[in-house]
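**Student:** Here's a structure for you.
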Amino acid sequence: MSSMARLAAAATAAGVVAAAIALPAVGGTGAVFVSASEELGIKPEELKEPPLAERTTVLDAEGNPIAWFYEEYRENVKLDQVADIMKTAIISIEDYRFYEHGAIDIEGTMRALAKNLATGRVAQGGSSITQQYVKQVLLNSATTDKEKNAALEASYGRKLKELRYAMAVEEKYTKDQILEKYLNIAYFGAGAYGVEAAAKRFFGVSASELSLPQAATLAGAVQDPNATDPNLSKDHRDRLLNRRNVVLDRMAELKKITPEQAAEAKKTKLGFKGTPIPGGCGSSDYPYFCMYVRNEVLSNPAFGKTKTAREQFLNRGGLNIQTTLDPKMQKAAEQAIKKHVFASDNPVASEALVEPGTGAIKAMAASREYGTNKRKKEMSYNVVADAVHGGGVGFQAGSTFKTFTLLTALEEGMKINDGLSVGSGYRAPYYSSFKNCKGENIGDPTHTVTNDEGGGGFKTLATGTWESVNTFFVALEQKVGLCDTVKTAKSLGIKRSDGLPLQEYETFTLGINEMDPVTVANAYAAIGARGKYCRPMVITKITDRDGKVTNYQPKCKQAIDPGVADAAADILSGVFTKGTMSGVGGIGRPAAGKTGTTDAQATAWFAGFTPDLAGAVSIGDPRGSQNYKLNNITIGGQYYPSVFGSSIPGPIWKDTMINALKGVPATDFHPVDTERFGGCGSSCRPAPPERDQEEPTGPLDEADVTTVLE
């Protein structure tokens with residue numbers, strides 16, 4: 001049980017005894033009390049009533065609940081949404097003269113004291129329902145341990161202050177309003193705050209549907225919810241059953257029910273169902289997306305100036321948060337991953353889908369369940385996202401980064417058919433041949449970049465991309481500038497998954513930085529949107545507890561010249577027909593993308609886009625991708641000598657996009673400005689690539705060698 005639950009329970013129990021002990025010292029009869037209150041200057045004092053902590057509901061794009069967040073599981077209801085028998089039961093046992101007395105019931109208090117002393121136990125409450133409401137408000141308002149202890153302090157001073165508040169509450173509200181507030185604030189045990197949450201938790205029904213035995217059970221639970229918490233043990237359930245019967249006897253004594261009704265109700269079993277409390281990402285059908293939403297709220301100043309303010313906003317606010325999650329696209333991603341990678345496999349595959357032009361994250365999926373069960377190989381962090389959104393260190397992105405060098409070359413005036421002559425190995429000619437964005441010389445003439453497959457020769461921007469030639473792209477990066485390439489990547493939102501600065505070495509273009517699928521998918525989405533970059537977005541609308549609606553719009557900028565993006569899309573389209581994805585094929589509509597594999601198959605990627613949807617898929621071993629590489633391995637029931645970007649990530653992406661875009665009219669890419677970039681892109685047939693004699697002559701697979709320079 002949470003500390004707040006224990007305090008709430010203690011407040012309820014303490015009120016019964018404290019009222020009975022303290023009040024006779026103030027006045028033994030109504031007349032004496034009135035006189036004493038006048039002499040002591042007891043006057044009403046306004047009670048500050050901050051909104052109750054209420055659960056927040058997270059919705060998908062279609063309005064279906066996908067998760068709940070709360071500090072206290074509570075659903076506020078109106079009094080007319082509570083069964084009459086529940087109102088009768090709570091009043092009978094807690095404050096049977098509630099509708100007859102003012103802020104305090106002297107007669108009821110003395111009667112309760114006499115009965116409690118006679119029975120040697122707390123059988124009847126001494127505090128009025130109004131006083132109990134005040135105590136709960138003070139406890140719920142407390143933000144420090146000192147304030148919480150003060151709300152529970154057994155002193156005359158606290159009792160008198162409580163009474164002044166109660167007097168003001170009685171002046172401010174009708175009895176029905178006070179009862180409604182009390183029923184919504186009271187703690188019933190088993191983690192349920194308020195009568196609606198308690199009815200669902202205990203019996204699987206709404207408060208409006210409670211039967212006599214059920215209502216008597218809940219009415220009995222508020223006295224000492226710690227001792228009668230049915231979720232804890234059989235002894236607790238037995239105590240709750242006995243307490244229920246006390247309530248039934250009291251209702252019969254007050255003639256609210258007949259003795260026969262009481263006897264019949266006592267024959268029924270407790271009936272505690274223990275309906276699981278909804279909430280938390282662990283119980284969501286979409287845990288990775290849920291984690292992203294939660295961390296977006298907790299980390300974004302737009303939702304509160306401080307972390308504490310944002311936590312209260314999320315967990316206490318009673319919000320409805322509408323998100324970008326598309327159930328159809330999410331299902332497409334989940335099914336595609338499940339087809340190619342098993343949850344029991346050591347490597348984990350993950351995928352994010354992003355909408356070009358808005359940055360809306362439409363789906364986040366992974367091959368493993370979210371959780372902490374290591375035997376089941378559950379993931380304890382958000383493998384689809386960066387560390388800010390609950391993720392980990394990510395995986396090196398491989399040749400998906402070559403796209404940023406391609407964009408930089410086009411931006412700096414190169415045409416589609418322009419190129420360079422390269423060999424099968426590349427060494428920086430001198431230390432100053434590469435400079436990072438600090439202006440430091442980082443070229444390493446002692447390090448050789450090689451091609452796994454594919455030889456040297458003259459490569460154009462198009463053919464070099466299709467064949468994914470390492471030596472070509474490192475030489476191209478030297479030509480256009482490492483720092484310019486880094487700036488291009490950053491303009492598209494590229495940042496390391498772990499939050500550390502990007503590593504700016506000559507192998508930057510080969511994908512040495514650890515990435516997450518959301519970040520990579522969003523960068524490629526910007527190309528699909530003709531260079532318009534939008535910050536990743538998951539929240540579209542928030543409705544607060546009062547019905548106030550706040551809409552959230554995409555935050556976008558023109559990061560890349562539209563013509564440059566068009567030319568890059570044209571080249572990247574050829575990856576499906578003439579390049580590393582030719583063995584996998586396209587998706588039946590205009591699409592572009594890039595495979596990625598890191599040094600010795602440590603990780604593998606595919607990132608691609610259409611004008612309507614972009615996605616990125618990664619696969620790697622979370623135990624440590626450099627130590628557990630993707631060679632001589634069985635994944636998804638299939639043996640792979642080596643895993644490349646086109647082996648598993650590419651097919652996952654293809655299967656996902658086909659199903660995710662069903663029913664969505666195909667959109668063409670914008671035509672290339674041939675005057676500016678030339679006309680020999682994906683529509684042209686390239687000359688056969690030059691190959692070394694000993695190299696294979698079959699279709700090229702990925703040519704991604706990545707070496708991190710320390």
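All residue names refer to the structure tokens as shown: chains lettered A, B, ... in order, residues numbered from 1 in each chain, ligands numbered from 1 in order.
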Fewer than 4 positions away in the same chain doesn't count, so skip those; otherwise give me all residues within 7 Å of Ser424 in chain A, counting only C-alpha atoms, as number ranges by chain.

**Tutor:** A: 450-451, 455-456, 471

**Student:** Give me a file of those residues, with C-alpha atoms, as a short mmCIF file (atom, residue, chain, number, x, y, z; two decimals), in the first residue's frame.

**Tutor:**
```
data_model
loop_
_atom_site.label_atom_id
_atom_site.label_comp_id
_atom_site.auth_asym_id
_atom_site.auth_seq_id
_atom_site.Cartn_x
_atom_site.Cartn_y
_atom_site.Cartn_z
CA THR A 450 37.01 -0.94 -46.63
CA ASN A 451 34.05 -2.38 -48.52
CA GLY A 455 34.60 -2.75 -55.58
CA GLY A 456 36.00 0.64 -56.33
CA THR A 471 34.79 4.14 -49.57
#
```

**Student:** Extract the full set of alpha helix (DSSP H) residues from range 169-412 of chain A according to DSSP on the backbone, and format it as a VMD selection string.

**Tutor:** chain A and resid 169 to 172 175 to 185 195 to 203 212 to 221 234 to 253 259 to 266 287 to 299 307 to 316 327 to 340 402 to 411

**Student:** Compile the contact shell of Leu52 in chain A as a list in words: residues with an atom at most 8 Å away, counting only C-alpha atoms, same-chain residues fewer than 6 positions apart removed.

**Tutor:**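 In the requested form, the answer reads Asn140, Ile185 and Arg316 of chain A.
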
**Student:** Using only C-alpha atoms, determine which residues lie at most 9 Å from Val82 in chain A, disregarding the query and same-chain residues fewer than 5 positions distant; provide the list as an MDAnalysis selection string.

**Tutor:** chainID A and resid 77 87 180 183 195:196 206:210

**Student:** Since we have the selection now, will you write its residues out, keeping N, CA and C atoms, as a compact mmCIF listing (two decimals), in the first residue's frame?

**Tutor:**
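Writing the result to out.txt gives the following:
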```txt
# COMPACT_ATOMS: atom_id res chain seq x y z
N VAL A 77 -17.45 11.12 -9.48
CA VAL A 77 -18.81 10.94 -9.99
C VAL A 77 -19.73 11.92 -9.28
N LYS A 87 -25.55 5.58 -0.47
CA LYS A 87 -25.67 6.80 0.33
C LYS A 87 -26.24 6.47 1.70
N GLU A 180 -21.42 14.22 -1.69
CA GLU A 180 -20.78 13.89 -2.97
C GLU A 180 -19.27 14.04 -2.87
N LEU A 183 -17.79 11.19 -0.67
CA LEU A 183 -17.76 9.90 -1.37
C LEU A 183 -16.66 9.85 -2.42
N VAL A 195 -15.75 6.42 -4.30
CA VAL A 195 -16.70 5.32 -4.35
C VAL A 195 -16.77 4.65 -5.72
N GLU A 196 -16.57 5.41 -6.79
CA GLU A 196 -16.64 4.81 -8.12
C GLU A 196 -15.47 3.84 -8.34
N SER A 206 -20.19 -0.24 -11.44
CA SER A 206 -20.15 1.19 -11.17
C SER A 206 -20.85 1.47 -9.85
N ALA A 207 -20.60 2.65 -9.28
CA ALA A 207 -21.22 3.02 -8.00
C ALA A 207 -22.73 3.05 -8.10
N SER A 208 -23.24 3.30 -9.29
CA SER A 208 -24.69 3.36 -9.49
C SER A 208 -25.34 1.98 -9.45
N GLU A 209 -24.54 0.93 -9.54
CA GLU A 209 -25.06 -0.44 -9.63
C GLU A 209 -24.87 -1.24 -8.35
N LEU A 210 -24.39 -0.61 -7.29
CA LEU A 210 -24.10 -1.34 -6.05
C LEU A 210 -25.36 -1.92 -5.42
```

**Student:** Closest to Gly390 in chain A among A:Ala309, A:Ala363, A:Val222, A:Leu298, using only C-alpha atoms?

**Tutor:**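 The answer is A:Leu298, which sits nearest to Gly390 in chain A.
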
**Student:** Taking only C-alpha atoms into account, name the residue in A:Lys415, A:Lys200, A:Lys146, A:Lys135 that is nearest to Ile277 in chain A.

**Tutor:**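 Answer, going by the shortest atom-to-atom distance: A:Lys200.
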
**Student:** List as a tab-separated table (two decimals) with all heavy atoms, in the first residue's frame the protein and nucleic acid residues near Glu411 in chain A, meaning an atom at most 7 Å away when only C-alpha atoms are counted, but skip any in the same chain fewer than 3 places from it.

**Tutor:**
```tsv
chain	number	residue	atom	x	y	z
A	407	LEU	N	22.50	14.12	-48.91
A	407	LEU	CA	21.76	15.38	-48.86
A	407	LEU	C	22.70	16.58	-48.88
A	407	LEU	O	22.46	17.58	-49.56
A	407	LEU	CB	20.89	15.44	-47.60
A	407	LEU	CG	19.65	14.54	-47.58
A	407	LEU	CD1	19.11	14.41	-46.16
A	407	LEU	CD2	18.58	15.09	-48.50
A	408	THR	N	23.81	16.46	-48.14
A	408	THR	CA	24.78	17.55	-48.08
A	408	THR	C	25.41	17.79	-49.45
A	408	THR	O	25.59	18.94	-49.89
A	408	THR	CB	25.86	17.25	-47.04
A	408	THR	OG1	25.24	16.94	-45.79
A	408	THR	CG2	26.80	18.43	-46.85
A	564	VAL	N	16.34	19.67	-52.98
A	564	VAL	CA	17.34	18.72	-52.52
A	564	VAL	C	16.66	17.45	-51.99
A	564	VAL	O	17.08	16.33	-52.30
A	564	VAL	CB	18.21	19.35	-51.41
A	564	VAL	CG1	19.08	18.29	-50.74
A	564	VAL	CG2	19.09	20.45	-52.00
```

**Student:** Would you mind listing what lies within 10 Å of Leu500 in chain A as a JSON list (two decimals) with N, CA, C and O atoms, in the first residue's frame, with only C-alpha atoms counted and same-chain residues fewer than 2 positions away left out?

**Tutor:**
```json
[["chain", "number", "residue", "atom", "x", "y", "z"],
["A", 393, "VAL", "N", 20.63, 3.05, -24.68],
["A", 393, "VAL", "CA", 21.75, 3.62, -25.43],
["A", 393, "VAL", "C", 21.53, 3.53, -26.93],
["A", 393, "VAL", "O", 22.21, 4.20, -27.71],
["A", 495, "LYS", "N", 20.18, 13.05, -33.13],
["A", 495, "LYS", "CA", 20.93, 13.16, -31.89],
["A", 495, "LYS", "C", 21.09, 11.76, -31.33],
["A", 495, "LYS", "O", 20.29, 10.87, -31.62],
["A", 496, "ARG", "N", 22.11, 11.55, -30.55],
["A", 496, "ARG", "CA", 22.36, 10.21, -30.01],
["A", 496, "ARG", "C", 21.23, 9.79, -29.08],
["A", 496, "ARG", "O", 20.68, 10.60, -28.33],
["A", 497, "SER", "N", 20.94, 8.52, -29.07],
["A", 497, "SER", "CA", 19.88, 8.00, -28.22],
["A", 497, "SER", "C", 20.19, 8.20, -26.75],
["A", 497, "SER", "O", 19.30, 8.46, -25.94],
["A", 498, "ASP", "N", 21.45, 8.10, -26.38],
["A", 498, "ASP", "CA", 21.82, 8.21, -24.97],
["A", 498, "ASP", "C", 21.97, 9.66, -24.51],
["A", 498, "ASP", "O", 22.27, 9.91, -23.33],
["A", 502, "LEU", "N", 27.06, 13.92, -30.43],
["A", 502, "LEU", "CA", 27.36, 13.08, -31.58],
["A", 502, "LEU", "C", 28.86, 12.90, -31.75],
["A", 502, "LEU", "O", 29.63, 13.86, -31.57],
["A", 503, "GLN", "N", 29.27, 11.68, -32.08],
["A", 503, "GLN", "CA", 30.69, 11.44, -32.38],
["A", 503, "GLN", "C", 30.96, 11.92, -33.79],
["A", 503, "GLN", "O", 30.33, 11.45, -34.74],
["A", 513, "ASN", "N", 27.19, 6.40, -34.67],
["A", 513, "ASN", "CA", 26.43, 6.89, -33.51],
["A", 513, "ASN", "C", 25.23, 6.00, -33.21],
["A", 513, "ASN", "O", 24.54, 5.54, -34.12],
["A", 514, "GLU", "N", 24.98, 5.80, -31.92],
["A", 514, "GLU", "CA", 23.85, 4.99, -31.47],
["A", 514, "GLU", "C", 22.56, 5.78, -31.61],
["A", 514, "GLU", "O", 22.45, 6.90, -31.13]]
```

**Student:** Calculated over only C-alpha atoms, which of the candidates A:Gly191, A:Gly63, A:Gly279, A:Gly615 has the smallest distance to Ala352 in chain A?

**Tutor:**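 For Ala352 in chain A, the nearest of the candidates is A:Gly615.
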